[in-house]
Amino acid sequence: MEAFVQLNGLVAPLDRANVDTDAIIPKQFLKSIKRSGFGPNAFDEWRYLDHGEPGMDNSKRPLNPDFVLNQTRYQGARILLTRENFGCGSSREHAPWALEDFGFKVVIASSFADIFFNNCFKNGMLPIVLSPEIVDSIFNQVDASVGYKLNVDLNAQTVTTPNGEVYPFEIDAVRKHNLLNGLDEIGLTMQQQDKIKVFEAQHKQAQPWLFN
Amino acid sequence: MVAKTLYDKLFDSHVVTEDNGTAMIYIDRHLVHEVTSPQAFEGLRLAGRKLWRISSIVATADHNTPTNGWDKGLSGIADPVSRLQIETLTENINEFGAKAYFPFMDSRQGIVHVVGPEQGATLPGMTVVCGDSHTSTHGAFGALAHGIGTSEVEHVMATQCLMQKKSKNMQVLVEGVLGKGVTAKDVALAIIAKTGTAGGTGYAIEFAGAAIRALSMEGRMTLCNMAIEAGARAGMVAVDDTTIEYVKGRPFSPKAEQWDAAVAYWKTLHSDDGAKFDTVVTLKAEEIQPQVTWGTSPEMVVGVDGKVPSLDLAKNEVQRADWERAYAYMDLKPNTPIDEINIDKVFIGSCTNSRIEDLRAAAAVAKGKHVAASVKLAMVVPGSGLVKAQAELEGLDKIFIAAGFEWREPGCSMCLAMNADRLEPGERCASTSNRNFEGRQGQGGRTHLVSPEMAAAAALAGHFVDIRQFV
Ligand code: SF4
């Protein structure tokens, strides 16, 4: 996994609450057996005026000019700013894959759905929870200034605005460590396989029917 | 001894190690389907890894499988991308192995959350995971069950473990007796109306109280299935005689001398007296009405005798904006009475409501009547091949067909419209599934979530009606 340490990135505002995984990546694109290439179909139903299907040449499709991510000023955004309960719905990891492939490394929201939040970390992305008031204030700032960037520092656990306001955020210590170092979690767990084997043997003794 | 909740017991008994508040928990059952597994198998292959414990894996194809044209076999799957995904699952299982695999068209194939319990592959006390958020369904058995992403699918395949932070405990207490025509689905929606779709975030929910204990196992599955729509990864119900009765004699249930030992252990799977919950939500069963969602999130729901709410009822600016978008997407005006909403299609199916009791309830409403002329399609999609066979044994298929419903092969179908079953833009559907998000059942499609009885009644009337007039 790619490490995440620090990012100074353009912010794109998606001013909606409860953005669900069906909206982030519609189901017809989940038929792929690959892990990459979902970016052009991120927010497909909002982003294009026609109906998207796998295999289409997305560069030829009509864009929805009203959709925020299609506006010139947000091209190249690395940070997605959004509202409460972002990523609700399914467990599909295609959602963070699509956002990452689109170019986002950080998502800032006032709250996230559990599984989506968890899935982000597995893909070198950083979801950040800030209070609704701070999120609101950043929305206003983004709106007011073209080219608005935020500086995200994982080590210091801070988000810094262009005029120097610093917002601290919380992150679980283990997740922070793994993300900073880009560690392969499966590899880490494998290092503990002796403990897993001991547990498994005891578990089997206590509940043999689980191992039939 | 400290009084523990059911969740505490299930979690604590699976901790392999713990570090800094993050535990490594052991996984007993891993359910696998075609959509979220290919990248995980590929990851294993690339890293030269094997499955840690083949006997933990039960796999089936469900999301992409067609619900008609089975006589043509695999070549009947018109979409080559869907077909490839289904074939890839078979190849992966052939290469890596599984305890059981029910491929496309097997008589036991079906929605993974219907198949697991009916095979006895879901047992009380287990940790159950699947790359699908509705894995919460299996919590009905007093199991700790939740959805995981594909990276975690790979992690569990390779190590049999998952890194987890313990959730907080929430108890949802439903006391009293449900009224006639009020089902587990209505209880689930009424709970979400109260908590909101994010209310359960960070919690494991235990459903308790007299009304929950009175539910059948299938009703409990419907309820736990929807826990994720309340934001909770896991929902669960304590083990009682209903649970044990259901599990008994299923293909993968413990047999002979193991059975008694298992039952003795399972009977400890309930919250202790005095166990502490971080949050308790209480509902009165008598106050729960048949529910109908009006908007684009399960929390946008009212009783069938209600109306689409007006903006002045929104609790804040964010919700106002949400509701305004929902009115536009659903093409509904505030204050429209629910029973004046006309529908185009009806879908009875999904891991929420496609089990035999659901089909019996819908058939009882449809019997001897006919789908309204204004309804373009009413379809019944059994949750599994075994549910379908049982329904046919009972003659339910004949009742549905005579009433003008289509009787289909099992699968996820129009719950998420990955196969050919879908809504066309602007079509309005009464659906027994679990999500009414924009585009969920087809781009531009409008979904209203209801119970099977309510869906069947809506099919006959052409609009929503209060099922309590029928029962
Ligand atoms: S029936 Fe619907 S919710 Fe259930 S597993 Fe299938 S797609 Fe998911």
# chains A, B, ... in the order shown; residues from 1 in each chain; ligands from 1

$ residues_near_ligand --ligand "ligand 1" --cutoff "6 Å" --atoms "only C-alpha atoms and all ligand atoms" --output "mmCIF file with N, CA and C atoms, in the first residue's frame"
data_model
loop_
_atom_site.group_PDB
_atom_site.id
_atom_site.type_symbol
_atom_site.label_atom_id
_atom_site.label_comp_id
_atom_site.auth_asym_id
_atom_site.auth_seq_id
_atom_site.Cartn_x
_atom_site.Cartn_y
_atom_site.Cartn_z
ATOM 1 N N HIS B 63 -25.406 -11.792 -7.131
ATOM 2 C CA HIS B 63 -25.685 -10.412 -7.532
ATOM 3 C C HIS B 63 -25.962 -10.251 -9.027
ATOM 4 N N ILE B 111 -29.301 -15.959 -2.791
ATOM 5 C CA ILE B 111 -28.671 -14.801 -2.158
ATOM 6 C C ILE B 111 -27.866 -15.300 -0.961
ATOM 7 N N HIS B 134 -24.936 -6.336 3.954
ATOM 8 C CA HIS B 134 -26.095 -6.970 4.593
ATOM 9 C C HIS B 134 -25.770 -8.259 5.331
ATOM 10 N N SER B 350 -35.105 -10.018 -2.507
ATOM 11 C CA SER B 350 -33.930 -9.493 -1.806
ATOM 12 C C SER B 350 -33.659 -10.214 -0.496
ATOM 13 N N CYS B 351 -32.443 -10.034 0.015
ATOM 14 C CA CYS B 351 -32.060 -10.699 1.263
ATOM 15 C C CYS B 351 -32.860 -10.195 2.451
ATOM 16 N N CYS B 412 -30.270 -11.817 -6.455
ATOM 17 C CA CYS B 412 -30.467 -10.460 -5.912
ATOM 18 C C CYS B 412 -31.418 -9.645 -6.776
ATOM 19 N N CYS B 415 -33.093 -5.905 -6.577
ATOM 20 C CA CYS B 415 -32.682 -5.209 -5.357
ATOM 21 C C CYS B 415 -31.605 -4.200 -5.696
ATOM 22 N N LEU B 416 -30.671 -4.592 -6.568
ATOM 23 C CA LEU B 416 -29.645 -3.636 -6.984
ATOM 24 C C LEU B 416 -29.469 -3.569 -8.484
#

$ interface_residues --of "chain A" --to "chain B" --cutoff "6 Å" --atoms "only C-alpha atoms" --output "NGL selection string"
:A and (28 or 31 or 33-34 or 90-93 or 119 or 186 or 209)

$ write_last_selection --atoms "N, CA, C and O atoms" --output "short mmCIF file (atom, residue, chain, number, x, y, z; two decimals), in the first residue's frame"
data_model
loop_
_atom_site.label_atom_id
_atom_site.label_comp_id
_atom_site.auth_asym_id
_atom_site.auth_seq_id
_atom_site.Cartn_x
_atom_site.Cartn_y
_atom_site.Cartn_z
N GLN A 28 -23.41 -0.98 -12.03
CA GLN A 28 -23.04 -1.65 -13.29
C GLN A 28 -21.52 -1.73 -13.44
O GLN A 28 -21.01 -2.57 -14.17
N LYS A 31 -19.04 -4.89 -11.96
CA LYS A 31 -18.88 -6.18 -12.63
C LYS A 31 -17.44 -6.44 -13.02
O LYS A 31 -17.09 -7.53 -13.43
N ILE A 33 -13.60 -7.34 -12.75
CA ILE A 33 -12.87 -8.20 -11.83
C ILE A 33 -11.52 -7.57 -11.50
O ILE A 33 -10.66 -8.18 -10.89
N LYS A 34 -11.33 -6.33 -11.91
CA LYS A 34 -10.08 -5.62 -11.62
C LYS A 34 -10.28 -4.61 -10.49
O LYS A 34 -11.37 -4.33 -10.05
N SER A 90 -23.43 0.33 0.78
CA SER A 90 -22.82 -0.99 0.66
C SER A 90 -21.38 -1.01 1.13
O SER A 90 -20.78 0.02 1.41
N SER A 91 -20.82 -2.22 1.18
CA SER A 91 -19.45 -2.40 1.65
C SER A 91 -18.47 -2.33 0.49
O SER A 91 -17.28 -2.48 0.68
N ARG A 92 -18.98 -2.09 -0.72
CA ARG A 92 -18.13 -2.17 -1.90
C ARG A 92 -16.88 -1.28 -1.79
O ARG A 92 -16.97 -0.08 -1.62
N GLU A 93 -15.75 -1.93 -1.93
CA GLU A 93 -14.49 -1.18 -1.86
C GLU A 93 -14.27 -0.43 -3.17
O GLU A 93 -13.38 0.41 -3.28
N ASN A 119 -12.62 1.11 4.74
CA ASN A 119 -12.08 0.75 3.43
C ASN A 119 -11.08 1.78 2.92
O ASN A 119 -10.14 1.43 2.20
N ILE A 186 -1.89 -7.47 5.61
CA ILE A 186 -1.88 -8.94 5.62
C ILE A 186 -0.51 -9.43 6.07
O ILE A 186 -0.39 -10.32 6.91
N TRP A 209 -17.71 -27.92 16.56
CA TRP A 209 -18.67 -27.87 15.44
C TRP A 209 -18.39 -26.73 14.48
O TRP A 209 -18.87 -26.74 13.35
#

$ select_by_dssp --residues "segment 206-434 of chain B" --states "strand (DSSP E or B)" --output "JSON, numbers by chain"
{"B": [206, 207, 208, 234, 235, 236, 279, 280, 281, 282, 283, 284, 291, 292, 293, 301, 302, 303, 307, 337, 342, 345, 346, 347, 348, 377, 378, 379, 380, 384, 406, 407, 428, 429, 430, 431]}

$ residues_around --residues "Thr161 of chain A" --least-positions-apart "6" --cutoff "8 Å" --atoms "only C-alpha atoms" --output "list in words"
Lys149, Leu150 and Asn151 of chain A

$ atom_distance --atom1 "atom CA of Asp106 of chain B" --atom2 "atom CA of Ala364 of chain B"
28.4 Å

$ select_by_dssp --residues "segment 13-77 of chain A" --states "alpha helix (DSSP H)" --output "list of chain:residue names"
A:Thr21, A:Asp22, A:Ala23, A:Ile24, A:Asp44, A:Glu45, A:Trp46, A:Arg47

$ write_last_selection --atoms "N, CA and C atoms" --output "short mmCIF file (atom, residue, chain, number, x, y, z; two decimals), in the first residue's frame"
data_model
loop_
_atom_site.label_atom_id
_atom_site.label_comp_id
_atom_site.auth_asym_id
_atom_site.auth_seq_id
_atom_site.Cartn_x
_atom_site.Cartn_y
_atom_site.Cartn_z
N THR A 21 -22.84 4.79 -1.44
CA THR A 21 -21.88 4.13 -2.32
C THR A 21 -22.45 3.87 -3.72
N ASP A 22 -23.78 3.75 -3.83
CA ASP A 22 -24.39 3.61 -5.17
C ASP A 22 -24.16 4.87 -5.98
N ALA A 23 -24.14 6.03 -5.31
CA ALA A 23 -23.88 7.29 -6.01
C ALA A 23 -22.39 7.41 -6.35
N ILE A 24 -21.55 6.96 -5.45
CA ILE A 24 -20.10 7.09 -5.67
C ILE A 24 -19.67 6.23 -6.86
N ASP A 44 -20.93 8.53 -11.50
CA ASP A 44 -21.33 8.47 -12.91
C ASP A 44 -22.70 9.09 -13.18
N GLU A 45 -23.69 8.79 -12.35
CA GLU A 45 -25.05 9.25 -12.65
C GLU A 45 -25.20 10.76 -12.48
N TRP A 46 -24.34 11.35 -11.66
CA TRP A 46 -24.40 12.80 -11.47
C TRP A 46 -23.50 13.52 -12.48
N ARG A 47 -22.46 12.80 -12.90
CA ARG A 47 -21.40 13.45 -13.66
C ARG A 47 -21.71 13.55 -15.15
#

$ atom_distance --atom1 "atom CA of Ala210 of chain B" --atom2 "atom CA of Asp241 of chain B"
14.1 Å

$ closest_residue --among "B:Pro251, B:Pro66, B:Gly445, B:Gly274" --to "Glu424 of chain B" --atoms "only C-alpha atoms"
B:Gly445

$ residues_around --residues "Val58 of chain B" --least-positions-apart "6" --cutoff "8 Å" --atoms "only C-alpha atoms" --output "PyMOL selection string"
chain B and resi 29-32+98-101+116+121

$ decode --residues "segment 98-130 of chain A" --atoms "N, CA and C atoms" --output "PDB file, in the first residue's frame"
ATOM      1  N   ALA A  98     -12.742   4.042  -6.677  1.00  0.00           N
ATOM      2  CA  ALA A  98     -13.155   5.018  -7.681  1.00  0.00           C
ATOM      3  C   ALA A  98     -12.683   6.423  -7.295  1.00  0.00           C
ATOM      4  N   LEU A  99     -12.825   6.767  -6.025  1.00  0.00           N
ATOM      5  CA  LEU A  99     -12.400   8.099  -5.581  1.00  0.00           C
ATOM      6  C   LEU A  99     -10.890   8.257  -5.733  1.00  0.00           C
ATOM      7  N   GLU A 100     -10.163   7.221  -5.383  1.00  0.00           N
ATOM      8  CA  GLU A 100      -8.706   7.270  -5.469  1.00  0.00           C
ATOM      9  C   GLU A 100      -8.274   7.382  -6.929  1.00  0.00           C
ATOM     10  N   ASP A 101      -8.902   6.587  -7.764  1.00  0.00           N
ATOM     11  CA  ASP A 101      -8.569   6.589  -9.182  1.00  0.00           C
ATOM     12  C   ASP A 101      -8.904   7.951  -9.809  1.00  0.00           C
ATOM     13  N   PHE A 102      -9.912   8.590  -9.262  1.00  0.00           N
ATOM     14  CA  PHE A 102     -10.298   9.922  -9.732  1.00  0.00           C
ATOM     15  C   PHE A 102      -9.250  10.957  -9.344  1.00  0.00           C
ATOM     16  N   GLY A 103      -8.531  10.689  -8.265  1.00  0.00           N
ATOM     17  CA  GLY A 103      -7.479  11.613  -7.838  1.00  0.00           C
ATOM     18  C   GLY A 103      -7.545  12.047  -6.383  1.00  0.00           C
ATOM     19  N   PHE A 104      -8.594  11.610  -5.675  1.00  0.00           N
ATOM     20  CA  PHE A 104      -8.716  12.020  -4.273  1.00  0.00           C
ATOM     21  C   PHE A 104      -7.851  11.156  -3.362  1.00  0.00           C
ATOM     22  N   LYS A 105      -7.155  11.826  -2.452  1.00  0.00           N
ATOM     23  CA  LYS A 105      -6.391  11.098  -1.432  1.00  0.00           C
ATOM     24  C   LYS A 105      -7.001  11.323  -0.051  1.00  0.00           C
ATOM     25  N   VAL A 106      -7.750  12.427   0.062  1.00  0.00           N
ATOM     26  CA  VAL A 106      -8.330  12.790   1.352  1.00  0.00           C
ATOM     27  C   VAL A 106      -9.814  13.097   1.158  1.00  0.00           C
ATOM     28  N   VAL A 107     -10.642  12.631   2.086  1.00  0.00           N
ATOM     29  CA  VAL A 107     -12.050  13.034   2.101  1.00  0.00           C
ATOM     30  C   VAL A 107     -12.320  13.648   3.470  1.00  0.00           C
ATOM     31  N   ILE A 108     -12.862  14.852   3.475  1.00  0.00           N
ATOM     32  CA  ILE A 108     -13.197  15.514   4.739  1.00  0.00           C
ATOM     33  C   ILE A 108     -14.715  15.590   4.842  1.00  0.00           C
ATOM     34  N   ALA A 109     -15.260  15.143   5.982  1.00  0.00           N
ATOM     35  CA  ALA A 109     -16.712  15.175   6.188  1.00  0.00           C
ATOM     36  C   ALA A 109     -16.995  15.301   7.673  1.00  0.00           C
ATOM     37  N   SER A 110     -18.238  15.638   8.005  1.00  0.00           N
ATOM     38  CA  SER A 110     -18.557  15.728   9.430  1.00  0.00           C
ATOM     39  C   SER A 110     -18.808  14.346  10.032  1.00  0.00           C
ATOM     40  N   SER A 111     -19.106  13.350   9.194  1.00  0.00           N
ATOM     41  CA  SER A 111     -19.129  11.962   9.657  1.00  0.00           C
ATOM     42  C   SER A 111     -19.116  11.033   8.450  1.00  0.00           C
ATOM     43  N   PHE A 112     -18.718   9.785   8.697  1.00  0.00           N
ATOM     44  CA  PHE A 112     -18.625   8.779   7.635  1.00  0.00           C
ATOM     45  C   PHE A 112     -19.391   7.537   8.044  1.00  0.00           C
ATOM     46  N   ALA A 113     -19.814   6.769   7.048  1.00  0.00           N
ATOM     47  CA  ALA A 113     -20.339   5.434   7.337  1.00  0.00           C
ATOM     48  C   ALA A 113     -19.137   4.538   7.644  1.00  0.00           C
ATOM     49  N   ASP A 114     -19.363   3.622   8.591  1.00  0.00           N
ATOM     50  CA  ASP A 114     -18.309   2.752   9.111  1.00  0.00           C
ATOM     51  C   ASP A 114     -17.450   2.009   8.098  1.00  0.00           C
ATOM     52  N   ILE A 115     -18.116   1.238   7.236  1.00  0.00           N
ATOM     53  CA  ILE A 115     -17.358   0.330   6.366  1.00  0.00           C
ATOM     54  C   ILE A 115     -16.566   1.142   5.352  1.00  0.00           C
ATOM     55  N   PHE A 116     -17.191   2.193   4.820  1.00  0.00           N
ATOM     56  CA  PHE A 116     -16.485   3.049   3.873  1.00  0.00           C
ATOM     57  C   PHE A 116     -15.243   3.653   4.520  1.00  0.00           C
ATOM     58  N   PHE A 117     -15.410   4.157   5.713  1.00  0.00           N
ATOM     59  CA  PHE A 117     -14.313   4.780   6.473  1.00  0.00           C
ATOM     60  C   PHE A 117     -13.140   3.808   6.576  1.00  0.00           C
ATOM     61  N   ASN A 118     -13.473   2.599   6.965  1.00  0.00           N
ATOM     62  CA  ASN A 118     -12.486   1.547   7.116  1.00  0.00           C
ATOM     63  C   ASN A 118     -11.810   1.199   5.794  1.00  0.00           C
ATOM     64  N   ASN A 119     -12.616   1.112   4.742  1.00  0.00           N
ATOM     65  CA  ASN A 119     -12.083   0.752   3.427  1.00  0.00           C
ATOM     66  C   ASN A 119     -11.077   1.781   2.918  1.00  0.00           C
ATOM     67  N   CYS A 120     -11.272   3.052   3.256  1.00  0.00           N
ATOM     68  CA  CYS A 120     -10.350   4.101   2.791  1.00  0.00           C
ATOM     69  C   CYS A 120      -8.925   3.785   3.216  1.00  0.00           C
ATOM     70  N   PHE A 121      -8.756   3.432   4.480  1.00  0.00           N
ATOM     71  CA  PHE A 121      -7.413   3.191   5.018  1.00  0.00           C
ATOM     72  C   PHE A 121      -6.702   2.053   4.304  1.00  0.00           C
ATOM     73  N   LYS A 122      -7.494   1.098   3.796  1.00  0.00           N
ATOM     74  CA  LYS A 122      -6.892  -0.056   3.128  1.00  0.00           C
ATOM     75  C   LYS A 122      -6.317   0.334   1.771  1.00  0.00           C
ATOM     76  N   ASN A 123      -6.618   1.549   1.342  1.00  0.00           N
ATOM     77  CA  ASN A 123      -6.202   1.969   0.010  1.00  0.00           C
ATOM     78  C   ASN A 123      -5.377   3.250   0.034  1.00  0.00           C
ATOM     79  N   GLY A 124      -4.768   3.498   1.165  1.00  0.00           N
ATOM     80  CA  GLY A 124      -3.886   4.651   1.266  1.00  0.00           C
ATOM     81  C   GLY A 124      -4.606   5.984   1.223  1.00  0.00           C
ATOM     82  N   MET A 125      -5.909   5.956   1.510  1.00  0.00           N
ATOM     83  CA  MET A 125      -6.656   7.206   1.546  1.00  0.00           C
ATOM     84  C   MET A 125      -6.929   7.596   2.990  1.00  0.00           C
ATOM     85  N   LEU A 126      -7.047   8.900   3.206  1.00  0.00           N
ATOM     86  CA  LEU A 126      -7.271   9.383   4.564  1.00  0.00           C
ATOM     87  C   LEU A 126      -8.637  10.054   4.676  1.00  0.00           C
ATOM     88  N   PRO A 127      -9.593   9.433   5.392  1.00  0.00           N
ATOM     89  CA  PRO A 127     -10.866  10.100   5.672  1.00  0.00           C
ATOM     90  C   PRO A 127     -10.715  10.905   6.969  1.00  0.00           C
ATOM     91  N   ILE A 128     -11.119  12.160   6.944  1.00  0.00           N
ATOM     92  CA  ILE A 128     -10.944  13.031   8.117  1.00  0.00           C
ATOM     93  C   ILE A 128     -12.305  13.533   8.590  1.00  0.00           C
ATOM     94  N   VAL A 129     -12.548  13.373   9.874  1.00  0.00           N
ATOM     95  CA  VAL A 129     -13.794  13.886  10.457  1.00  0.00           C
ATOM     96  C   VAL A 129     -13.517  15.232  11.122  1.00  0.00           C
ATOM     97  N   LEU A 130     -14.225  16.267  10.690  1.00  0.00           N
ATOM     98  CA  LEU A 130     -14.166  17.567  11.358  1.00  0.00           C
ATOM     99  C   LEU A 130     -15.591  17.923  11.787  1.00  0.00           C
TER     100      LEU A 130
END
